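S.K.: This is data.cif, which holds mmCIF, C-alpha atoms and all ligand atoms:
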data_input
#
loop_
_atom_site.group_PDB
_atom_site.id
_atom_site.type_symbol
_atom_site.label_atom_id
_atom_site.label_comp_id
_atom_site.auth_asym_id
_atom_site.auth_seq_id
_atom_site.Cartn_x
_atom_site.Cartn_y
_atom_site.Cartn_z
ATOM 1 C CA MET A 1 7.804 4.862 -13.933
ATOM 2 C CA SER A 2 10.694 3.506 -11.861
ATOM 3 C CA LEU A 3 11.780 0.081 -13.177
ATOM 4 C CA ALA A 4 12.945 -2.780 -10.985
ATOM 5 C CA PRO A 5 16.457 -4.071 -11.637
ATOM 6 C CA PHE A 6 16.531 -7.656 -12.902
ATOM 7 C CA GLY A 7 16.343 -10.266 -10.149
ATOM 8 C CA ARG A 8 15.825 -10.044 -6.429
ATOM 9 C CA ARG A 9 18.058 -8.115 -4.027
ATOM 10 C CA ARG A 10 19.161 -9.383 -0.623
ATOM 11 C CA LEU A 11 18.764 -6.384 1.704
ATOM 12 C CA ARG A 12 19.518 -5.759 5.356
ATOM 13 C CA VAL A 13 16.737 -4.965 7.849
ATOM 14 C CA THR A 14 17.775 -1.822 9.710
ATOM 15 C CA GLY A 15 14.780 -1.352 11.975
ATOM 16 C CA ARG A 16 11.364 -2.509 13.029
ATOM 17 C CA ARG A 17 9.009 -0.669 15.326
ATOM 18 C CA ALA A 18 5.402 -1.033 16.357
ATOM 19 C CA VAL A 19 3.055 1.847 15.605
ATOM 20 C CA GLY A 20 -0.275 0.998 17.181
ATOM 21 C CA ALA A 21 -1.558 -2.150 15.506
ATOM 22 C CA TYR A 22 1.052 -1.944 12.718
ATOM 23 C CA ASP A 23 4.762 -2.621 12.299
ATOM 24 C CA VAL A 24 7.093 -0.376 10.339
ATOM 25 C CA LEU A 25 9.880 -2.411 8.761
ATOM 26 C CA SER A 26 12.929 -0.470 7.537
ATOM 27 C CA VAL A 27 15.247 -1.959 4.912
ATOM 28 C CA ALA A 28 18.471 -0.509 3.478
ATOM 29 C CA ASP A 29 18.333 -0.436 -0.316
ATOM 30 C CA PRO A 30 21.472 1.547 -1.265
ATOM 31 C CA ASP A 31 21.641 0.270 -4.855
ATOM 32 C CA GLY A 32 17.924 0.238 -5.644
ATOM 33 C CA PRO A 33 16.154 2.860 -7.739
ATOM 34 C CA ALA A 34 13.911 5.406 -5.997
ATOM 35 C CA PRO A 35 10.355 4.052 -6.217
ATOM 36 C CA ASP A 36 7.470 6.134 -7.452
ATOM 37 C CA ALA A 37 4.731 6.763 -4.909
ATOM 38 C CA GLY A 38 2.201 3.944 -5.190
ATOM 39 C CA GLN A 39 4.687 1.346 -6.422
ATOM 40 C CA PHE A 40 5.201 -1.822 -4.420
ATOM 41 C CA ALA A 41 7.786 -4.523 -3.764
ATOM 42 C CA MET A 42 7.618 -8.291 -3.335
ATOM 43 C CA LEU A 43 9.185 -9.173 0.015
ATOM 44 C CA ALA A 44 10.281 -12.426 1.625
ATOM 45 C CA ALA A 45 12.396 -13.076 4.688
ATOM 46 C CA ALA A 46 15.806 -14.484 3.667
ATOM 47 C CA ASP A 47 15.507 -17.162 6.375
ATOM 48 C CA GLY A 48 12.488 -18.952 7.795
ATOM 49 C CA TRP A 49 10.383 -18.501 4.669
ATOM 50 C CA GLY A 50 9.557 -22.032 3.650
ATOM 51 C CA GLY A 51 11.492 -24.990 2.389
ATOM 52 C CA LEU A 52 11.851 -26.708 5.697
ATOM 53 C CA GLU A 53 9.367 -29.018 7.360
ATOM 54 C CA ASP A 54 6.255 -27.187 8.582
ATOM 55 C CA GLU A 55 7.467 -23.922 7.105
ATOM 56 C CA ARG A 56 5.256 -21.768 4.956
ATOM 57 C CA PRO A 57 4.813 -19.516 3.043
ATOM 58 C CA PHE A 58 7.003 -20.025 -0.046
ATOM 59 C CA LEU A 59 5.889 -17.116 -2.208
ATOM 60 C CA PRO A 60 6.929 -13.540 -1.542
ATOM 61 C CA ARG A 61 4.216 -11.070 -0.531
ATOM 62 C CA ALA A 62 3.371 -7.650 -2.003
ATOM 63 C CA PHE A 63 3.856 -4.487 0.067
ATOM 64 C CA SER A 64 3.525 -0.826 -0.849
ATOM 65 C CA VAL A 65 6.650 1.239 -0.409
ATOM 66 C CA ALA A 66 5.543 3.568 2.381
ATOM 67 C CA ARG A 67 8.527 5.877 2.505
ATOM 68 C CA ARG A 68 12.026 6.312 1.082
ATOM 69 C CA HIS A 69 14.486 8.164 3.281
ATOM 70 C CA PRO A 70 17.383 10.255 1.909
ATOM 71 C CA ASP A 71 19.843 7.451 2.845
ATOM 72 C CA ALA A 72 17.845 5.034 0.599
ATOM 73 C CA THR A 73 16.184 3.257 3.505
ATOM 74 C CA LEU A 74 12.757 1.952 2.514
ATOM 75 C CA ASP A 75 9.920 1.775 5.042
ATOM 76 C CA PHE A 76 7.061 -0.714 4.786
ATOM 77 C CA VAL A 77 3.960 -0.661 7.006
ATOM 78 C CA LEU A 78 2.779 -4.164 7.831
ATOM 79 C CA GLU A 79 -0.387 -5.549 9.341
ATOM 80 C CA ASP A 80 0.017 -9.099 10.647
ATOM 81 C CA VAL A 81 -2.778 -11.006 8.905
ATOM 82 C CA GLY A 82 -1.165 -14.354 8.100
ATOM 83 C CA PRO A 83 2.068 -16.376 7.964
ATOM 84 C CA GLY A 84 4.014 -14.045 5.654
ATOM 85 C CA THR A 85 3.285 -10.852 7.541
ATOM 86 C CA GLU A 86 3.798 -12.688 10.849
ATOM 87 C CA ARG A 87 7.322 -13.670 9.749
ATOM 88 C CA LEU A 88 8.137 -10.205 8.407
ATOM 89 C CA CYS A 89 6.822 -8.599 11.613
ATOM 90 C CA ALA A 90 9.226 -10.823 13.591
ATOM 91 C CA LEU A 91 12.348 -9.692 11.711
ATOM 92 C CA ALA A 92 15.043 -7.955 13.724
ATOM 93 C CA PRO A 93 17.689 -5.477 12.598
ATOM 94 C CA GLY A 94 20.615 -7.370 11.082
ATOM 95 C CA GLU A 95 18.416 -10.012 9.424
ATOM 96 C CA ASP A 96 17.913 -9.974 5.640
ATOM 97 C CA VAL A 97 14.995 -9.876 3.230
ATOM 98 C CA TRP A 98 14.715 -10.664 -0.460
ATOM 99 C CA LEU A 99 13.147 -7.764 -2.356
ATOM 100 C CA VAL A 100 11.953 -7.473 -5.948
ATOM 101 C CA GLY A 101 10.953 -3.989 -6.967
ATOM 102 C CA PRO A 102 9.904 -1.299 -7.309
ATOM 103 C CA LEU A 103 6.995 -2.755 -9.265
ATOM 104 C CA GLY A 104 3.786 -1.549 -10.880
ATOM 105 C CA ARG A 105 2.380 1.849 -11.738
ATOM 106 C CA GLY A 106 1.956 4.416 -8.990
ATOM 107 C CA PHE A 107 -0.005 7.623 -8.559
ATOM 108 C CA ALA A 108 -0.127 10.301 -11.281
ATOM 109 C CA PRO A 109 0.027 14.011 -10.345
ATOM 110 C CA PRO A 110 -3.291 15.827 -9.916
ATOM 111 C CA GLY A 111 -4.892 17.444 -12.950
ATOM 112 C CA GLU A 112 -4.439 21.170 -13.497
ATOM 113 C CA GLY A 113 -6.094 23.199 -10.729
ATOM 114 C CA ARG A 114 -7.016 20.083 -8.788
ATOM 115 C CA ARG A 115 -6.307 19.840 -5.017
ATOM 116 C CA PRO A 116 -4.989 16.422 -3.921
ATOM 117 C CA VAL A 117 -6.951 14.747 -1.131
ATOM 118 C CA LEU A 118 -5.584 11.472 0.262
ATOM 119 C CA VAL A 119 -8.018 8.923 1.696
ATOM 120 C CA GLY A 120 -6.768 5.836 3.529
ATOM 121 C CA GLY A 121 -8.288 2.908 5.332
ATOM 122 C CA GLY A 122 -6.249 0.810 7.788
ATOM 123 C CA VAL A 123 -2.916 -0.365 6.410
ATOM 124 C CA GLY A 124 -3.899 1.414 3.174
ATOM 125 C CA ILE A 125 -2.106 4.371 4.753
ATOM 126 C CA ALA A 126 1.170 2.906 3.399
ATOM 127 C CA PRO A 127 1.312 4.217 -0.198
ATOM 128 C CA LEU A 128 -0.254 7.514 0.900
ATOM 129 C CA MET A 129 2.747 8.261 3.152
ATOM 130 C CA ILE A 130 5.251 8.406 0.293
ATOM 131 C CA TRP A 131 2.740 10.262 -1.889
ATOM 132 C CA SER A 132 2.175 12.809 0.879
ATOM 133 C CA ASP A 133 5.981 13.288 1.072
ATOM 134 C CA VAL A 134 6.052 14.010 -2.674
ATOM 135 C CA LEU A 135 3.056 16.366 -2.587
ATOM 136 C CA GLY A 136 4.247 18.241 0.521
ATOM 137 C CA GLY A 137 1.582 17.193 3.004
ATOM 138 C CA PRO A 138 -1.822 17.616 1.324
ATOM 139 C CA THR A 139 -5.174 17.036 3.058
ATOM 140 C CA ALA A 140 -5.277 13.462 4.327
ATOM 141 C CA LEU A 141 -8.274 11.605 5.741
ATOM 142 C CA LEU A 142 -7.736 8.226 7.384
ATOM 143 C CA GLY A 143 -10.239 5.660 8.608
ATOM 144 C CA PHE A 144 -9.463 2.953 11.185
ATOM 145 C CA ARG A 145 -11.510 0.472 13.131
ATOM 146 C CA ASP A 146 -10.488 1.773 16.589
ATOM 147 C CA ALA A 147 -8.038 3.958 18.517
ATOM 148 C CA ALA A 148 -5.283 1.292 18.583
ATOM 149 C CA HIS A 149 -5.268 1.111 14.793
ATOM 150 C CA ALA A 150 -5.680 4.904 14.534
ATOM 151 C CA GLU A 151 -2.220 5.300 16.073
ATOM 152 C CA GLY A 152 -1.080 4.492 12.530
ATOM 153 C CA ALA A 153 -2.177 8.024 11.616
ATOM 154 C CA THR A 154 0.939 9.343 13.389
ATOM 155 C CA LEU A 155 2.818 8.111 10.303
ATOM 156 C CA LEU A 156 1.033 10.787 8.280
ATOM 157 C CA PRO A 157 1.191 13.940 10.437
ATOM 158 C CA GLY A 158 -1.715 16.324 10.068
ATOM 159 C CA ALA A 159 -4.137 13.662 8.859
ATOM 160 C CA ARG A 160 -7.750 13.753 10.083
ATOM 161 C CA VAL A 161 -8.980 10.505 11.562
ATOM 162 C CA ALA A 162 -12.281 8.622 11.621
ATOM 163 C CA THR A 163 -12.867 5.415 13.577
ATOM 164 C CA ASP A 164 -15.639 2.858 13.270
ATOM 165 C CA ASP A 165 -16.174 2.776 17.045
ATOM 166 C CA GLY A 166 -15.637 6.482 17.757
ATOM 167 C CA SER A 167 -12.673 5.820 20.069
ATOM 168 C CA ALA A 168 -10.554 8.373 18.150
ATOM 169 C CA GLY A 169 -11.460 11.251 15.836
ATOM 170 C CA HIS A 170 -14.720 11.335 13.910
ATOM 171 C CA HIS A 171 -17.139 8.540 14.846
ATOM 172 C CA GLY A 172 -18.028 7.046 11.479
ATOM 173 C CA LEU A 173 -16.678 6.337 8.019
ATOM 174 C CA VAL A 174 -13.805 8.185 6.401
ATOM 175 C CA THR A 175 -16.031 8.827 3.379
ATOM 176 C CA GLU A 176 -18.154 11.056 5.628
ATOM 177 C CA LEU A 177 -15.074 13.278 6.044
ATOM 178 C CA LEU A 178 -14.393 13.068 2.310
ATOM 179 C CA SER A 179 -17.860 14.400 1.419
ATOM 180 C CA ALA A 180 -16.871 17.828 2.762
ATOM 181 C CA GLU A 181 -13.588 17.895 0.814
ATOM 182 C CA LEU A 182 -14.747 17.032 -2.706
ATOM 183 C CA ALA A 183 -14.904 20.502 -4.271
ATOM 184 C CA GLY A 184 -11.961 20.894 -6.678
ATOM 185 C CA ALA A 185 -10.359 17.698 -5.399
ATOM 186 C CA GLU A 186 -8.464 14.888 -7.048
ATOM 187 C CA VAL A 187 -8.787 11.928 -4.692
ATOM 188 C CA TYR A 188 -6.073 9.328 -4.032
ATOM 189 C CA ALA A 189 -7.298 6.344 -2.036
ATOM 190 C CA CYS A 190 -6.040 3.051 -0.663
ATOM 191 C CA GLY A 191 -7.815 0.731 1.733
ATOM 192 C CA PRO A 192 -10.137 -2.248 1.962
ATOM 193 C CA PRO A 193 -12.417 -2.909 -1.041
ATOM 194 C CA PRO A 194 -15.658 -1.670 0.585
ATOM 195 C CA MET A 195 -13.983 1.642 1.423
ATOM 196 C CA LEU A 196 -12.535 1.971 -2.074
ATOM 197 C CA GLU A 197 -15.921 1.213 -3.611
ATOM 198 C CA ALA A 198 -17.541 3.890 -1.427
ATOM 199 C CA VAL A 199 -14.843 6.384 -2.501
ATOM 200 C CA ARG A 200 -15.275 5.415 -6.162
ATOM 201 C CA ALA A 201 -19.072 5.795 -6.022
ATOM 202 C CA LEU A 202 -18.912 9.125 -4.163
ATOM 203 C CA CYS A 203 -16.367 10.577 -6.583
ATOM 204 C CA ALA A 204 -18.313 9.322 -9.617
ATOM 205 C CA GLU A 205 -21.504 10.902 -8.249
ATOM 206 C CA HIS A 206 -19.766 14.281 -7.855
ATOM 207 C CA ASP A 207 -17.660 14.048 -11.007
ATOM 208 C CA VAL A 208 -14.427 14.160 -9.024
ATOM 209 C CA PRO A 209 -11.371 12.336 -10.463
ATOM 210 C CA ALA A 210 -9.949 9.587 -8.275
ATOM 211 C CA GLN A 211 -6.994 7.220 -8.378
ATOM 212 C CA LEU A 212 -7.383 4.015 -6.394
ATOM 213 C CA ALA A 213 -4.539 1.796 -5.154
ATOM 214 C CA LEU A 214 -6.063 -1.694 -5.273
ATOM 215 C CA GLU A 215 -4.988 -5.060 -3.911
ATOM 216 C CA SER A 216 -5.298 -8.557 -5.232
ATOM 217 C CA GLY A 217 -3.490 -11.768 -4.475
ATOM 218 C CA MET A 218 -0.079 -11.597 -6.197
ATOM 219 C CA ALA A 219 2.153 -14.583 -6.802
ATOM 220 C CA CYS A 220 4.893 -13.111 -9.040
ATOM 221 C CA GLY A 221 4.417 -9.317 -8.991
ATOM 222 C CA PHE A 222 5.741 -8.753 -12.537
ATOM 223 C CA GLY A 223 3.104 -9.934 -14.980
ATOM 224 C CA ALA A 224 3.934 -13.618 -15.441
ATOM 225 C CA CYS A 225 1.294 -15.555 -13.505
ATOM 226 C CA PHE A 226 -1.997 -13.706 -14.227
ATOM 227 C CA GLY A 227 -2.985 -14.374 -10.609
ATOM 228 C CA CYS A 228 -3.748 -10.737 -9.915
ATOM 229 C CA VAL A 229 -6.259 -9.885 -12.661
ATOM 230 C CA VAL A 230 -9.121 -7.513 -11.862
ATOM 231 C CA PRO A 231 -12.047 -6.536 -14.086
ATOM 232 C CA THR A 232 -12.218 -3.027 -15.563
ATOM 233 C CA CYS A 233 -14.651 -1.409 -18.020
ATOM 234 C CA ASP A 234 -12.249 -2.485 -20.802
ATOM 235 C CA GLY A 235 -11.722 -6.057 -19.648
ATOM 236 C CA TYR A 236 -9.305 -7.695 -17.249
ATOM 237 C CA VAL A 237 -5.961 -6.114 -16.341
ATOM 238 C CA ARG A 238 -3.031 -7.481 -14.378
ATOM 239 C CA LEU A 239 -2.919 -5.353 -11.269
ATOM 240 C CA CYS A 240 0.832 -5.859 -10.761
ATOM 241 C CA VAL A 241 1.793 -4.257 -14.096
ATOM 242 C CA ASP A 242 -1.255 -2.152 -15.057
ATOM 243 C CA GLY A 243 -1.774 -1.070 -11.419
ATOM 244 C CA PRO A 244 -1.848 -1.265 -8.478
ATOM 245 C CA VAL A 245 -3.095 2.319 -8.958
ATOM 246 C CA LEU A 246 -6.033 2.457 -11.367
ATOM 247 C CA ASP A 247 -8.124 5.380 -12.484
ATOM 248 C CA ALA A 248 -11.483 5.076 -10.718
ATOM 249 C CA ALA A 249 -13.263 5.929 -13.975
ATOM 250 C CA ALA A 250 -11.881 2.689 -15.458
ATOM 251 C CA LEU A 251 -13.798 0.597 -12.921
ATOM 252 C CA GLU A 252 -17.461 -0.284 -12.815
ATOM 253 C CA GLU A 253 -17.013 -1.129 -9.161
ATOM 254 C CA VAL A 254 -14.345 -2.230 -6.680
ATOM 255 C CA ALA A 255 -15.234 -5.800 -5.757
HETATM 256 C C1 LIG B 1 0.061 -4.022 -4.351
HETATM 257 C C2 LIG B 1 -0.158 -4.493 -2.932
HETATM 258 C C3 LIG B 1 0.328 -3.731 -1.885
HETATM 259 C C4 LIG B 1 0.146 -4.180 -0.558
HETATM 260 N N1 LIG B 1 0.632 -3.404 0.441
HETATM 261 C C5 LIG B 1 0.525 -3.833 1.717
HETATM 262 C C6 LIG B 1 1.069 -3.057 2.780
HETATM 263 O O1 LIG B 1 1.657 -2.000 2.573
HETATM 264 N N2 LIG B 1 0.957 -3.545 4.043
HETATM 265 C C7 LIG B 1 0.321 -4.742 4.305
HETATM 266 O O2 LIG B 1 0.258 -5.136 5.492
HETATM 267 N N3 LIG B 1 -0.231 -5.478 3.320
HETATM 268 C C8 LIG B 1 -0.129 -5.047 2.034
HETATM 269 N N4 LIG B 1 -0.651 -5.803 1.024
HETATM 270 C C9 LIG B 1 -1.360 -7.045 1.346
HETATM 271 C C10 LIG B 1 -0.394 -8.186 1.585
HETATM 272 O O3 LIG B 1 0.337 -8.482 0.403
HETATM 273 C C11 LIG B 1 -1.211 -9.408 1.970
HETATM 274 O O4 LIG B 1 -1.939 -9.132 3.129
HETATM 275 C C12 LIG B 1 -0.307 -10.626 2.156
HETATM 276 O O5 LIG B 1 -0.706 -11.633 1.258
HETATM 277 C C13 LIG B 1 -0.401 -11.204 3.529
HETATM 278 O O6 LIG B 1 0.403 -12.376 3.553
HETATM 279 P P1 LIG B 1 0.249 -13.399 4.703
HETATM 280 O O7 LIG B 1 1.074 -14.586 4.355
HETATM 281 O O8 LIG B 1 0.541 -12.700 5.998
HETATM 282 O O9 LIG B 1 -1.268 -13.758 4.729
HETATM 283 P P2 LIG B 1 -2.045 -14.667 3.686
HETATM 284 O O10 LIG B 1 -2.020 -16.093 4.124
HETATM 285 O O11 LIG B 1 -1.551 -14.364 2.281
HETATM 286 O O12 LIG B 1 -3.503 -14.085 3.868
HETATM 287 C C14 LIG B 1 -4.055 -13.810 5.143
HETATM 288 C C15 LIG B 1 -5.442 -13.251 4.956
HETATM 289 O O13 LIG B 1 -5.425 -12.083 4.118
HETATM 290 C C16 LIG B 1 -6.202 -12.304 2.953
HETATM 291 N N5 LIG B 1 -5.462 -11.696 1.880
HETATM 292 C C17 LIG B 1 -4.230 -12.042 1.448
HETATM 293 N N6 LIG B 1 -3.817 -11.239 0.472
HETATM 294 C C18 LIG B 1 -4.793 -10.349 0.267
HETATM 295 C C19 LIG B 1 -4.963 -9.257 -0.618
HETATM 296 N N7 LIG B 1 -4.012 -8.887 -1.475
HETATM 297 N N8 LIG B 1 -6.118 -8.563 -0.564
HETATM 298 C C20 LIG B 1 -7.084 -8.911 0.305
HETATM 299 N N9 LIG B 1 -6.970 -9.937 1.181
HETATM 300 C C21 LIG B 1 -5.861 -10.645 1.146
HETATM 301 C C22 LIG B 1 -6.327 -13.790 2.810
HETATM 302 O O14 LIG B 1 -7.518 -14.147 2.129
HETATM 303 C C23 LIG B 1 -6.358 -14.230 4.263
HETATM 304 O O15 LIG B 1 -7.630 -14.058 4.810
HETATM 305 C C24 LIG B 1 -0.520 -5.393 -0.302
HETATM 306 C C25 LIG B 1 -1.006 -6.165 -1.355
HETATM 307 C C26 LIG B 1 -0.831 -5.714 -2.658
HETATM 308 C C27 LIG B 1 -1.347 -6.542 -3.786
HETATM 309 S S1 LIG B 2 1.083 -11.150 -9.733
HETATM 310 FE FE1 LIG B 2 1.684 -12.459 -11.349
HETATM 311 S S2 LIG B 2 0.775 -11.501 -13.091
HETATM 312 FE FE2 LIG B 2 0.364 -10.117 -11.483
#
Just give me the structure as structure tokens.
Ligand SMILES: Cc1cc2nc3c(=O)[nH]c(=O)nc-3n(C[C@H](O)[C@H](O)[C@H](O)COP(=O)(O)OP(=O)(O)OC[C@H]3O[C@@H](n4cnc5c(N)ncnc54)[C@H](O)[C@@H]3O)c2cc1C
Ligand code: FES
M.R.:
Amino acid sequence: MSLAPFGRRRLRVTGRRAVGAYDVLSVADPDGPAPDAGQFAMLAAADGWGGLEDERPFLPRAFSVARRHPDATLDFVLEDVGPGTERLCALAPGEDVWLVGPLGRGFAPPGEGRRPVLVGGGVGIAPLMIWSDVLGGPTALLGFRDAAHAEGATLLPGARVATDDGSAGHHGLVTELLSAELAGAEVYACGPPPMLEAVRALCAEHDVPAQLALESGMACGFGACFGCVVPTCDGYVRLCVDGPVLDAAALEEVA
């Protein structure tokens, strides 16, 4: 597991580009350790992130590391859903962010003889990109709500796409594509809770191992606040230190 250096690092934004409904934010992290696939970072803009009148939010936000380039540039894939992501999606090259990370536990390699199959929903594509880089481009199945969001699939070349409205790829749920890929698979999934629960239930039914990258609200990102707890078969765990990737067999359901 890659451990975060103590404290937060002030890093330079080197790029931001729109990919369909998403933004890819690139940040130079020359002195940071290489993250494991599935780990995340807490990000905040260095300026315009609270403290002044009418400014919010104050807390950093959690984002999966989507890619690490050979020059130690980190890519994050953002979906603008609120004030934090709105601010981060407005950053321009030359501005700075505060970053704490890499944090959490990422994906584990597939079991012996198992074929990795990546399953993503929406911005859940992010941790699958870096994992696909590590695994050398395994089968990837991605679900989006429509064609505009499905442009995000260009970030994971070779992926098969499903859309809710049929405007790109398979018309239906990504789990319908997964059903045909289960034999001998080890499934790695990230996406909205209903999708993850469908993946968990399908894999449990067919006795297929699965690792799920979950989300919960995170205030600190390193185990101090207990704001991120999720229930497992063995009790509550802090998702920021015990996850965000959990073994599907450890969960009764994804709520
Ligand atoms: C480990 C981890 C990795 C993540 N990776 C990414 C990523 O790669 N790209 C990305 O765009 N987002 C990612 N997220 C989600 C991101 O952290 C939240 O969407 C963030 O809180 C948004 O901040 P905001 O200020 O824009 O919106 P907020 O004001 O925090 O929230 C806006 C809306 O999103 C809902 N929301 C907020 N946080 C979550 C959450 N964690 N789960 C479900 N709903 C939530 C709120 O209820 C509200 O409706 C990740 C979260 C975690 C825990
Ligand atoms: S986010 Fe604070 S304990 Fe997990």
S.K.: In Å, rounded to a single decimal, give me how far CA of Arg105 in chain A is from atom C3 of ligand LIG 1 (chain B).
M.R.: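 These two atoms are separated by 11.5 Å.
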S.K.: Under the rule that only C-alpha atoms and all ligand atoms are counted, which of A:Gly235, A:Pro138, A:Pro83, A:Pro33 is the nearest residue to ligand LIG 1 (chain B)?
M.R.: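 Of A:Gly235, A:Pro138, A:Pro83, A:Pro33, the one nearest ligand LIG 1 (chain B) is A:Pro83, counting only C-alpha atoms and all ligand atoms.
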S.K.: Please return as a VMD selection string the residues found within 8 Å of ligand LIG 1 (chain B), counting all atoms listed in the file.
M.R.: chain A and resid 22 39 to 41 57 61 to 66 76 to 87 104 123 to 127 192 213 to 218 228 239 to 240 243 to 244
S.K.: I need the output of the PyMOL selection byres (((not hetatm)) within 8 of (chain B and resi 2)) for this file as a ChimeraX atom specification; which residues are they?
M.R.: /A:217-229,238-241
S.K.: What does the distance from CA of Ala180 in chain A to CA of Gly106 in chain A come to in Å, to one decimal?
M.R.: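 Distance reported for this atom pair: 25.9 Å.
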S.K.: Using the chain letters and numbers from the file, give me the residues hit by the PyMOL selection byres (((chain A and resi 148) around 12) and not hetatm), as an MDAnalysis selection string.
M.R.: chainID A and resid 18:22 122 143:147 149:154 163:168
S.K.: Would you compute the distance between CA of His206 in chain A and CA of Gly111 in chain A? Give it in Å to one decimal.
M.R.: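 These atoms are spaced 16.0 Å apart.
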S.K.: Tell me which of A:Pro231, A:Gly15, A:Ala204, A:Val245 sits closest to Leu128 in chain A, counting all atoms listed in the file.
M.R.: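 Going through A:Pro231, A:Gly15, A:Ala204, A:Val245 one by one, the smallest distance to Leu128 in chain A is for A:Val245.
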S.K.: Could you pull the residues within 10 Å of Ala183 in chain A, counting only C-alpha atoms, minus those fewer than 6 positions along the same chain, as a ChimeraX atom specification?
M.R.: /A:114-115,206-208
